[in-house]
Structures are given as C-alpha cells and as structure tokens.
Amino acid sequence: MNFLLVLGTARDSTPPSPSRLGLRVANACVTWFAADYANHALTLVDPLDYELAPVFKPHFAYARGKGPAPLEALAEKIETADGYIMVSPEYNHSMSPALAHLLNHFGSSLFAYKPSAIVTYSAGQWGGVRAAMAMRAFLSELGCLPVSAMAHVPKAQDVFDEDGTVKNGQSDERWSSYFGRTFSQLVWWATAAEAQRAKSDPHAAIGNFKRDPSQRNAPGTAE
C-alpha cells in the first residue's frame with residue numbers, strides 16, 4: 001500500500017532554533033515506518049515543495065486536469081494513497097496553518113474512506129497535544145478518520161537529531177515502540193479499508209459532495 005506523510009511546517013528560518021524541527025520528527029517517522037512495514041511505501045510531502053498562489057484557489061476549483069502541475073501531481077498522490085500520517089506543531093492551541101492551508105486545497109473525496117494518523121510535536125513540554133484535538137475534527141471532515149493512537153513529542157529538539165535519529169540519552173527502542181503503536185493502527189485500518197473498497201466503491205455507493213451546496217442539505221431545507 002501507499003501512504004503519505006504530510007509535514008505541517010513551512011518555516012525554514014530562525015528564530016525559533018532549531019529551524020524545521022518538524023522535519024526531524026517526520027524523518028523519524030519515515031525511518032520507523034520503513035523498518036516495520038518495508039512492503040509498504042511512505043512518501044514525505046513537504047509544503048516547501050509547493051508554491052501556492054497568494055490568492056487561495058483550491059485544486060478542485062480548476063477544470064479537471066487543468067490545475068497547476070504541482071497541485072495536479074499532489075492530488076493524484078492523495079487520491080491513490082491508502083492512508084496518511086499528519087505531522088503538525090501547535091499554533092494557538094490548534095493545528096499548523098501551513099498544514100491546514102495545504103490540505104484545504106483538495107476536496108475531501110480524495111481523502112475519504114481511508115485512515116489517518118496524528119503526530120504532533122513542540123519545543124516545549126506539551127508536545128502539541130492540543131493541536132491534535134483540533135486535528136481530529138479537521139481530518140474527520142476530510143473523510144480520513146484518525147486512528148485512536150496518537151504520537152506526541154515534547155521538547156523534540158532534545159529527542160531527535162536533524163536526520164531524525166534519536167539523540168544519545170534517549171531510548172530509540174522506547175520511542176520507536178511508542179510511534180509503532182500509532183503506525184500499527186494506521187496500517188490495520190488501511191488494510192481493512194482497502195479490502196472493503198475492493199468489494200464496493202464507496203464513492204459510487206454514497207456519492208461525493210462536489211460543487212452544489214444543496215447536495216448536503218437535509219430533507220425539507222430550502223435550496
């Protein structure tokens with residue numbers, strides 16, 4: 001199966017120091033996931049690789065196949081993925097603006113009926129746990145419901161080196177086991193969802209909200 005890891009930071013400067021702290025967490029995720037699930041692919045999606053227009057225009061607002069090439073390529077990756085790992089810091093008790101901005105460019109039908117996993121981090125003591133609570137609702141609305149196990153990394157600069165290896169003084173085994181619980185749930189649900197999609201296409205059976213808001217109206221409401 002194919003999984004995407006979406007990094008929720010576009011900051012590449014100091015302060016704060018070290019810069020791109022989230023990339024350390026993402027690199028650790030990639031390493032541990034590959035070690036346990038070598039038969040599956042995990043691709044890192046970095047917001048810095050995408051130049052998004054200053055005026056917001058989502059991918060689904062373009063004619064099919066006519067959007068900017070980077071958005072088209074990412075839309076295909078999202079649609080063909082079997083699950084997602086979302087890595088985010090915490091901003092004002094909520095998820096990263098960079099992560100929300102990137103994901104908001106794509107319709108929920110691309111994410112739907114596939115699971116996600118939440119990984120948060122911080123330079124302080126809380127590990128981004130409050131952001132994770134907001135991410136649950138956000139990801140559920142996208143249709144990629146998050147698994148129950150989450151991973152939180154407080155003081156991530158003291159845990160990981162730049163390449164995502166665990167620093168001396170920290171237990172690699174304990175950290176990999178901690179993340180492994182989240183990843184095992186993600187792969188279990190992705191396997192189950194893949195099998196069910198093979199039996200019945202949920203998009204055909206249920207239908208997707210596309211452009212007309214009346215598609216979501218309750219019976220008897222004004223259109």
# chains A, B, ... in the order shown; residues from 1 in each chain; ligands from 1
>>> closest_atom_pairs(of="stretch 123-154 of chain A", to="stretch 26-49 of chain A", cutoff="12 Å", atoms="only C-alpha atoms", output="tab-separated table")
residue	atom	partner	partner_atom	distance
A:Ala151	CA	A:Cys29	CA	10.2
A:His152	CA	A:Cys29	CA	11.9
A:Val153	CA	A:Ala28	CA	11.3
>>> residues_around(residues="A:Leu145", least_positions_apart="4", cutoff="12 Å", atoms="only C-alpha atoms", output="JSON list (two decimals) with N, CA and C atoms, in the first residue's frame")
[["chain", "number", "residue", "atom", "x", "y", "z"],
["A", 83, "GLY", "N", -3.55, 5.76, 3.05],
["A", 83, "GLY", "CA", -3.61, 6.32, 4.39],
["A", 83, "GLY", "C", -2.63, 7.46, 4.52],
["A", 84, "TYR", "N", -2.74, 8.20, 5.63],
["A", 84, "TYR", "CA", -1.98, 9.44, 5.79],
["A", 84, "TYR", "C", -1.43, 9.55, 7.21],
["A", 85, "ILE", "N", -0.23, 10.09, 7.30],
["A", 85, "ILE", "CA", 0.34, 10.49, 8.59],
["A", 85, "ILE", "C", 0.47, 12.01, 8.55],
["A", 86, "MET", "N", -0.18, 12.70, 9.47],
["A", 86, "MET", "CA", -0.16, 14.15, 9.52],
["A", 86, "MET", "C", 0.72, 14.61, 10.68],
["A", 108, "SER", "N", -12.49, 16.74, -0.15],
["A", 108, "SER", "CA", -12.49, 15.62, 0.79],
["A", 108, "SER", "C", -12.63, 14.28, 0.09],
["A", 111, "PHE", "N", -9.49, 12.20, -0.01],
["A", 111, "PHE", "CA", -9.02, 11.61, 1.24],
["A", 111, "PHE", "C", -9.97, 10.54, 1.79],
["A", 112, "ALA", "N", -11.22, 10.55, 1.33],
["A", 112, "ALA", "CA", -12.29, 9.83, 2.01],
["A", 112, "ALA", "C", -12.12, 8.32, 2.00],
["A", 113, "TYR", "N", -12.63, 7.71, 3.08],
["A", 113, "TYR", "CA", -12.68, 6.26, 3.26],
["A", 113, "TYR", "C", -11.29, 5.66, 3.42],
["A", 114, "LYS", "N", -10.37, 6.46, 3.94],
["A", 114, "LYS", "CA", -9.02, 5.99, 4.24],
["A", 114, "LYS", "C", -8.62, 6.57, 5.60],
["A", 115, "PRO", "N", -7.80, 5.88, 6.37],
["A", 115, "PRO", "CA", -7.47, 6.35, 7.72],
["A", 115, "PRO", "C", -6.30, 7.33, 7.73],
["A", 116, "SER", "N", -6.16, 7.99, 8.84],
["A", 116, "SER", "CA", -5.02, 8.90, 9.05],
["A", 116, "SER", "C", -4.47, 8.69, 10.46],
["A", 117, "ALA", "N", -3.26, 9.15, 10.66],
["A", 117, "ALA", "CA", -2.62, 9.11, 11.98],
["A", 117, "ALA", "C", -2.10, 10.49, 12.31],
["A", 118, "ILE", "N", -2.22, 10.88, 13.57],
["A", 118, "ILE", "CA", -1.82, 12.21, 14.02],
["A", 118, "ILE", "C", -0.52, 12.13, 14.81],
["A", 135, "MET", "N", -7.08, 18.60, 15.25],
["A", 135, "MET", "CA", -6.85, 17.83, 14.03],
["A", 135, "MET", "C", -7.84, 16.69, 13.89],
["A", 136, "ARG", "N", -8.31, 16.14, 14.99],
["A", 136, "ARG", "CA", -9.29, 15.06, 14.91],
["A", 136, "ARG", "C", -10.54, 15.50, 14.13],
["A", 137, "ALA", "N", -11.05, 16.67, 14.47],
["A", 137, "ALA", "CA", -12.25, 17.16, 13.78],
["A", 137, "ALA", "C", -11.95, 17.51, 12.33],
["A", 138, "PHE", "N", -10.81, 18.13, 12.09],
["A", 138, "PHE", "CA", -10.42, 18.55, 10.74],
["A", 138, "PHE", "C", -10.28, 17.34, 9.83],
["A", 139, "LEU", "N", -9.55, 16.33, 10.27],
["A", 139, "LEU", "CA", -9.31, 15.14, 9.44],
["A", 139, "LEU", "C", -10.60, 14.33, 9.26],
["A", 140, "SER", "N", -11.45, 14.30, 10.26],
["A", 140, "SER", "CA", -12.73, 13.61, 10.12],
["A", 140, "SER", "C", -13.58, 14.26, 9.05],
["A", 141, "GLU", "N", -13.56, 15.58, 8.97],
["A", 141, "GLU", "CA", -14.31, 16.29, 7.94],
["A", 141, "GLU", "C", -13.76, 15.99, 6.56],
["A", 149, "ALA", "N", -4.83, 5.94, 18.44],
["A", 149, "ALA", "CA", -3.49, 6.16, 18.99],
["A", 149, "ALA", "C", -2.81, 7.34, 18.28],
["A", 185, "GLN", "N", -1.90, 0.74, 14.10],
["A", 185, "GLN", "CA", -3.33, 1.01, 13.94],
["A", 185, "GLN", "C", -3.62, 1.55, 12.54],
["A", 186, "LEU", "N", -2.77, 2.45, 12.07],
["A", 186, "LEU", "CA", -2.97, 3.04, 10.74],
["A", 186, "LEU", "C", -2.95, 1.95, 9.67],
["A", 189, "TRP", "N", -6.11, -0.39, 9.84],
["A", 189, "TRP", "CA", -7.32, 0.20, 9.27],
["A", 189, "TRP", "C", -7.19, 0.42, 7.76],
["A", 190, "ALA", "N", -6.00, 0.74, 7.30],
["A", 190, "ALA", "CA", -5.79, 0.92, 5.85],
["A", 190, "ALA", "C", -5.99, -0.40, 5.12],
["A", 193, "ALA", "N", -9.73, -1.03, 5.05],
["A", 193, "ALA", "CA", -10.40, -0.13, 4.11],
["A", 193, "ALA", "C", -10.11, -0.52, 2.67]]
>>> residues_around(residues="A:Lys155", least_positions_apart="2", cutoff="7 Å", atoms="only C-alpha atoms", output="ChimeraX atom specification")
/A:122-125,127,153,157-159
>>> write_last_selection(atoms="C-alpha atoms", output="PDB file, in the first residue's frame")
ATOM      1  CA  SER A 122       6.662  21.055  20.217  1.00  0.00           C
ATOM      2  CA  ALA A 123       9.778  22.717  21.551  1.00  0.00           C
ATOM      3  CA  GLY A 124       8.037  22.897  24.925  1.00  0.00           C
ATOM      4  CA  GLN A 125       6.535  20.414  27.332  1.00  0.00           C
ATOM      5  CA  GLY A 127       4.131  18.017  22.572  1.00  0.00           C
ATOM      6  CA  VAL A 153       6.841  14.659  21.088  1.00  0.00           C
ATOM      7  CA  GLN A 157      14.890  19.305  19.763  1.00  0.00           C
ATOM      8  CA  ASP A 158      16.176  17.240  22.691  1.00  0.00           C
ATOM      9  CA  VAL A 159      14.853  13.979  21.238  1.00  0.00           C
TER      10      VAL A 159
END
>>> select_by_dssp(residues="stretch 9-46 of chain A", states="helix (DSSP H, G or I)", output="ChimeraX atom specification")
/A:21-36
>>> write_last_selection(atoms="N, CA and C atoms", output="mmCIF file, in the first residue's frame")
data_model
loop_
_atom_site.group_PDB
_atom_site.id
_atom_site.type_symbol
_atom_site.label_atom_id
_atom_site.label_comp_id
_atom_site.auth_asym_id
_atom_site.auth_seq_id
_atom_site.Cartn_x
_atom_site.Cartn_y
_atom_site.Cartn_z
ATOM 1 N N LEU A 21 12.032 22.024 12.917
ATOM 2 C CA LEU A 21 12.003 20.986 13.942
ATOM 3 C C LEU A 21 11.097 19.831 13.510
ATOM 4 N N GLY A 22 10.030 20.156 12.816
ATOM 5 C CA GLY A 22 9.099 19.122 12.377
ATOM 6 C C GLY A 22 9.705 18.135 11.407
ATOM 7 N N LEU A 23 10.691 18.590 10.630
ATOM 8 C CA LEU A 23 11.326 17.687 9.674
ATOM 9 C C LEU A 23 12.067 16.574 10.408
ATOM 10 N N ARG A 24 12.592 16.863 11.590
ATOM 11 C CA ARG A 24 13.250 15.827 12.388
ATOM 12 C C ARG A 24 12.235 14.742 12.784
ATOM 13 N N VAL A 25 11.061 15.192 13.197
ATOM 14 C CA VAL A 25 10.016 14.245 13.577
ATOM 15 C C VAL A 25 9.570 13.439 12.362
ATOM 16 N N ALA A 26 9.410 14.115 11.231
ATOM 17 C CA ALA A 26 8.991 13.429 10.006
ATOM 18 C C ALA A 26 10.022 12.393 9.577
ATOM 19 N N ASN A 27 11.297 12.744 9.656
ATOM 20 C CA ASN A 27 12.351 11.795 9.281
ATOM 21 C C ASN A 27 12.339 10.563 10.182
ATOM 22 N N ALA A 28 12.077 10.776 11.458
ATOM 23 C CA ALA A 28 11.979 9.645 12.376
ATOM 24 C C ALA A 28 10.808 8.744 11.998
ATOM 25 N N CYS A 29 9.680 9.357 11.649
ATOM 26 C CA CYS A 29 8.508 8.582 11.224
ATOM 27 C C CYS A 29 8.834 7.725 10.005
ATOM 28 N N VAL A 30 9.490 8.325 9.028
ATOM 29 C CA VAL A 30 9.833 7.610 7.803
ATOM 30 C C VAL A 30 10.731 6.413 8.119
ATOM 31 N N THR A 31 11.725 6.628 8.984
ATOM 32 C CA THR A 31 12.659 5.551 9.335
ATOM 33 C C THR A 31 11.958 4.399 10.047
ATOM 34 N N TRP A 32 11.154 4.708 11.045
ATOM 35 C CA TRP A 32 10.492 3.659 11.814
ATOM 36 C C TRP A 32 9.417 2.957 11.005
ATOM 37 N N PHE A 33 8.696 3.700 10.181
ATOM 38 C CA PHE A 33 7.665 3.075 9.353
ATOM 39 C C PHE A 33 8.308 2.092 8.374
ATOM 40 N N ALA A 34 9.409 2.506 7.747
ATOM 41 C CA ALA A 34 10.092 1.637 6.782
ATOM 42 C C ALA A 34 10.633 0.383 7.459
ATOM 43 N N ALA A 35 11.077 0.512 8.690
ATOM 44 C CA ALA A 35 11.631 -0.635 9.403
ATOM 45 C C ALA A 35 10.571 -1.693 9.693
ATOM 46 N N ASP A 36 9.358 -1.253 9.996
ATOM 47 C CA ASP A 36 8.290 -2.187 10.362
ATOM 48 C C ASP A 36 7.419 -2.602 9.184
#
>>> residues_around(residues="A:Ala69", least_positions_apart="5", cutoff="12 Å", atoms="only C-alpha atoms", output="VMD selection string")
chain A and resid 50 to 52 59 62 64 74 to 76
>>> select_by_dssp(residues="stretch 35-206 of chain A", states="strand (DSSP E or B)", output="list in words")
Ala41, Leu42, Thr43, Leu44, Val45, Gly83, Tyr84, Ile85, Met86, Val87, Ser88, Tyr91, Ser94, Ser116, Ala117, Ile118, Val119, Thr120, Tyr121, Pro146, Ala151, His152, Val153, Phe160 and Val166 of chain A
>>> residues_around(residues="stretch 93-105 of chain A", least_positions_apart="6", cutoff="6 Å", atoms="only C-alpha atoms", output="PyMOL selection string")
chain A and resi 8-9+58-59+130-131+134
>>> write_last_selection(atoms="C-alpha atoms", output="mmCIF file, in the first residue's frame")
data_model
loop_
_atom_site.group_PDB
_atom_site.id
_atom_site.type_symbol
_atom_site.label_atom_id
_atom_site.label_comp_id
_atom_site.auth_asym_id
_atom_site.auth_seq_id
_atom_site.Cartn_x
_atom_site.Cartn_y
_atom_site.Cartn_z
ATOM 1 C CA GLY A 8 2.852 20.652 8.745
ATOM 2 C CA THR A 9 5.520 23.338 8.686
ATOM 3 C CA PRO A 58 -8.124 25.175 -4.454
ATOM 4 C CA HIS A 59 -7.291 22.337 -6.797
ATOM 5 C CA ARG A 130 -3.888 20.430 21.975
ATOM 6 C CA ALA A 131 -3.315 20.727 18.238
ATOM 7 C CA ALA A 134 -8.338 20.089 16.710
#
>>> closest_residue(among="A:Val129, A:Cys144, A:Ala204, A:Val55", to="A:Leu110", atoms="only C-alpha atoms")
A:Cys144
